[in-house]
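Asker: I have a structure I would like to understand better, so I am pasting it below and will then ask my questions one at a time.
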Amino acid sequence: MQERIEFTREMKRDYTILMPNMLPVHFRLLRDVFRLHGYNMVLLDNEGPGVVEAGLKYVHNDTCYPALLCIGQFIDALQSGRYDLNKTALIITQTGGGCRASNYIHLLRKALIKAGLSHVPVISLNPAGLEKNSGFQLTPTLLLQAMVTILYADVLMCLKNQVEPYENDPGACARLVDHWAEKLTDQFKRHPRAGALHFKRNIREIARDFDRVPHTPEEKVKVGIVGEIYVKYSSLANNHLERFLLEQGCEVNVPGLMGFLLNALDHNIDDVNLYGGNRFSQLLCKAVMRYVNHIEAVIARAVRKNSRLNPPTPYRTTRRELDGVLGVGCKMGEGWLLTAEMCELIDSGVPNIVCVQPFGCLPNHIAGKGTIRALREKFPEANIVPIDYDPGATRVNQENRLKLMLSVARESLSGTPKVS
């Protein structure tokens, strides 16, 4: 077995670090935060058949689709000739949970060896100290900025999704997101804690800006997207699902990233209650949870007070929706959060849901597809379609299933009786 290549302090000075793209708004802001701390981050945007082919060539075909795409995007970029392979590193998250996502980093290193790129360092981005690199440090300031950035990005994504389907000037919301991404980065550049110090004011101004976008109110089908985190957010993985739904005249609702991160923290709290463990660690997790819940409440008040728009749903509200459907011990992959997000969407007036998952992803088949019957019993208006994504799944078949779901949604919206 080849020894791991460490990312050293010397490498930090002149290495380019490639990061995969999952959430364009979130990862763009995170990239800018890392750049402010001296890391030359590049957010990959390569798509197309070449990415899938690279993944299939260098990763075992039994590996889940997100791993195949992440690794395929990395190798496709390295082989593109755009980067100096002797001064390029890769970065990938490592959760430490029970899902195969914890092992992507090992699959990536194995693929690099197979591709003749074993000298390329791979950085593990994780808060648990699973791997350490002398040239890459998660300092308290960086972590604070990253957390605040994710909260900002959740707000931008949420408000953009509510306004974009109705905008009179196509692209107005996208330009507003770009404006605020640059403005927030500039604030961090001027003062490391500016994004946190001016948080409430910034949220108020963001809400007002989106509220002022010229738009034409009309009744549209509202569709929520839930599922495995990579396929849910990545246009590369879900064949530009959000764009397709927008073209079909829908308003798209996608739960934010902070809920996923808080859910991982919540598991540590629940585990002590269910199985025993370190009570001090549990108290620390509870303190962090209370703080972020307070911030989410600040966001909700600021958005509602300064616009007609709805703020991102606070995590504790989403958790309450789970009651009576699934237990909190179900935590592999997205676990019970996936079910809770579907409950919250339906309860907030979004009964039409696309549940996306990699083919063969057992946790998501249980917490997603496996709970649809129970959800329909609790919410008779629920209109849920599970869609599998993998290299063999055709886009035409996926879009046909989506159109069938939308036809049912339009019948319900217009009050037309369904034909049995």
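We name chains A, B, ... following the order of the structure tokens; residues begin at 1 in each chain, and ligands are numbered from 1 as shown.
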Within 6 Å of stretch 121-134 of chain A, counting only C-alpha atoms, which residues qualify if same-chain residues fewer than 3 places away don't, as a ChimeraX atom specification?
Answerer: /A:5-9,89-94
Asker: Could those residues be written to a file, using C-alpha atoms, as a PDB file, in the first residue's frame?
Answerer:
ATOM      1  CA  ILE A   5       1.309  12.129   0.275  1.00  0.00           C
ATOM      2  CA  GLU A   6       1.092  14.908   2.853  1.00  0.00           C
ATOM      3  CA  PHE A   7       0.172  18.462   1.863  1.00  0.00           C
ATOM      4  CA  THR A   8       3.044  20.390   3.448  1.00  0.00           C
ATOM      5  CA  ARG A   9       3.596  24.017   4.452  1.00  0.00           C
ATOM      6  CA  ALA A  89      -3.448  19.052  -4.954  1.00  0.00           C
ATOM      7  CA  LEU A  90      -7.010  17.852  -4.443  1.00  0.00           C
ATOM      8  CA  ILE A  91      -9.386  18.405  -1.523  1.00  0.00           C
ATOM      9  CA  ILE A  92     -12.381  16.285  -0.575  1.00  0.00           C
ATOM     10  CA  THR A  93     -14.617  16.075   2.485  1.00  0.00           C
ATOM     11  CA  GLN A  94     -14.484  13.082   4.797  1.00  0.00           C
TER      12      GLN A  94
END
Asker: Find the spatial neighbours of A:Leu151, counting only C-alpha atoms, within a cut-off of 10 Å - ignore same-chain residues fewer than 6 positions away - and output them as a VMD selection string.
Answerer: chain A and resid 26 145 199 203 256 to 259 292 295 to 296 299 312
Asker: Could you find all residues in stretch 22-236 of chain A that DSSP calls alpha helix (DSSP H) from the backbone, and write them as a PyMOL selection string?
Answerer: chain A and resi 24-36+49-58+65-78+104-114+140-163+172-190+194-197+199-211+229-233
Asker: Mind writing the picked residues with C-alpha atoms as a compact mmCIF listing (two decimals), in the first residue's frame?
Answerer:
# COMPACT_ATOMS: atom_id res chain seq x y z
CA PRO A 24 -22.33 26.50 -6.81
CA VAL A 25 -23.25 29.36 -4.42
CA HIS A 26 -21.97 27.68 -1.24
CA PHE A 27 -18.74 26.35 -2.70
CA ARG A 28 -17.97 29.60 -4.50
CA LEU A 29 -18.13 31.47 -1.20
CA LEU A 30 -16.16 28.76 0.61
CA ARG A 31 -13.52 28.87 -2.13
CA ASP A 32 -13.16 32.62 -1.59
CA VAL A 33 -12.85 32.14 2.18
CA PHE A 34 -10.05 29.60 1.70
CA ARG A 35 -8.29 31.95 -0.71
CA LEU A 36 -8.32 34.67 1.95
CA PRO A 49 -19.35 12.52 -20.79
CA GLY A 50 -15.61 12.82 -20.13
CA VAL A 51 -16.20 13.10 -16.38
CA VAL A 52 -18.39 9.99 -16.29
CA GLU A 53 -16.00 8.06 -18.51
CA ALA A 54 -13.03 8.96 -16.28
CA GLY A 55 -14.98 7.83 -13.24
CA LEU A 56 -15.96 4.53 -14.86
CA LYS A 57 -12.37 3.95 -15.99
CA TYR A 58 -10.66 4.53 -12.65
CA TYR A 65 -22.57 7.38 -8.42
CA PRO A 66 -21.43 10.41 -6.34
CA ALA A 67 -18.00 8.83 -5.77
CA LEU A 68 -17.70 8.02 -9.44
CA LEU A 69 -18.54 11.61 -10.44
CA CYS A 70 -16.32 13.30 -7.83
CA ILE A 71 -13.32 11.18 -8.73
CA GLY A 72 -14.11 11.40 -12.44
CA GLN A 73 -14.26 15.20 -12.23
CA PHE A 74 -10.89 15.32 -10.46
CA ILE A 75 -9.11 13.03 -12.92
CA ASP A 76 -10.73 14.64 -15.96
CA ALA A 77 -9.46 18.02 -14.72
CA LEU A 78 -5.95 16.70 -14.02
CA TYR A 104 -14.15 8.43 -1.16
CA ILE A 105 -10.70 9.72 -0.25
CA HIS A 106 -9.23 6.20 -0.32
CA LEU A 107 -11.00 5.42 -3.60
CA LEU A 108 -9.62 8.68 -5.01
CA ARG A 109 -6.04 7.83 -4.04
CA LYS A 110 -6.43 4.36 -5.56
CA ALA A 111 -7.75 5.93 -8.77
CA LEU A 112 -4.83 8.39 -8.89
CA ILE A 113 -2.37 5.50 -8.67
CA LYS A 114 -4.17 3.74 -11.52
CA PRO A 140 -11.01 28.97 14.47
CA THR A 141 -11.28 32.07 12.24
CA LEU A 142 -11.53 29.95 9.10
CA LEU A 143 -14.17 27.70 10.69
CA LEU A 144 -16.22 30.71 11.82
CA GLN A 145 -16.07 32.25 8.36
CA ALA A 146 -17.00 28.93 6.76
CA MET A 147 -20.03 28.51 9.03
CA VAL A 148 -21.23 32.07 8.42
CA THR A 149 -20.66 31.60 4.69
CA ILE A 150 -22.87 28.48 4.63
CA LEU A 151 -25.64 30.40 6.42
CA TYR A 152 -25.40 33.24 3.90
CA ALA A 153 -25.40 30.79 0.99
CA ASP A 154 -28.48 28.99 2.34
CA VAL A 155 -30.32 32.33 2.45
CA LEU A 156 -29.19 33.30 -1.06
CA MET A 157 -30.23 29.91 -2.47
CA CYS A 158 -33.58 29.95 -0.67
CA LEU A 159 -34.56 33.47 -1.77
CA LYS A 160 -33.30 32.99 -5.33
CA ASN A 161 -35.43 29.86 -5.70
CA GLN A 162 -38.53 31.76 -4.55
CA VAL A 163 -38.09 34.74 -6.87
CA ALA A 172 -31.81 39.13 -12.45
CA CYS A 173 -31.68 36.74 -9.48
CA ALA A 174 -28.48 35.09 -10.69
CA ARG A 175 -26.83 38.51 -10.99
CA LEU A 176 -28.02 39.41 -7.49
CA VAL A 177 -26.42 36.24 -6.11
CA ASP A 178 -23.15 37.15 -7.85
CA HIS A 179 -23.35 40.68 -6.42
CA TRP A 180 -23.77 39.43 -2.86
CA ALA A 181 -21.09 36.74 -3.23
CA GLU A 182 -18.59 39.44 -4.22
CA LYS A 183 -19.81 41.81 -1.49
CA LEU A 184 -19.53 39.21 1.28
CA THR A 185 -16.06 38.15 0.12
CA ASP A 186 -14.98 41.79 0.13
CA GLN A 187 -16.27 42.19 3.69
CA PHE A 188 -14.24 39.19 4.85
CA LYS A 189 -11.22 40.61 3.06
CA ARG A 190 -11.47 43.92 4.92
CA ALA A 194 -16.98 41.31 9.20
CA GLY A 195 -19.40 38.70 7.85
CA ALA A 196 -20.38 37.76 11.41
CA LEU A 197 -20.38 41.30 12.82
CA PHE A 199 -24.68 39.42 9.76
CA LYS A 200 -28.13 40.72 10.70
CA ARG A 201 -27.74 43.86 8.57
CA ASN A 202 -26.58 41.82 5.58
CA ILE A 203 -29.52 39.41 5.85
CA ARG A 204 -31.95 42.36 5.97
CA GLU A 205 -30.38 43.88 2.86
CA ILE A 206 -30.30 40.55 1.00
CA ALA A 207 -34.00 40.01 1.75
CA ARG A 208 -34.88 43.54 0.59
CA ASP A 209 -32.86 43.16 -2.61
CA PHE A 210 -34.62 39.96 -3.62
CA ASP A 211 -37.99 41.42 -2.64
CA ILE A 229 -26.71 15.14 -0.55
CA TYR A 230 -24.50 15.10 -3.66
CA VAL A 231 -27.24 14.14 -6.11
CA LYS A 232 -29.65 16.58 -4.45
CA TYR A 233 -27.39 19.59 -4.98
Asker: Hey, which of A:Asn293, A:Asn168, A:Asn86, A:Asn253 ends up closest to A:Pro351? Count only C-alpha atoms.
Answerer: A:Asn253
Asker: DSSP on the backbone, then: every residue of stretch 197-295 of chain A marked strand (DSSP E or B), written as a PyMOL selection string.
Answerer: chain A and resi 215+221-227+250-253
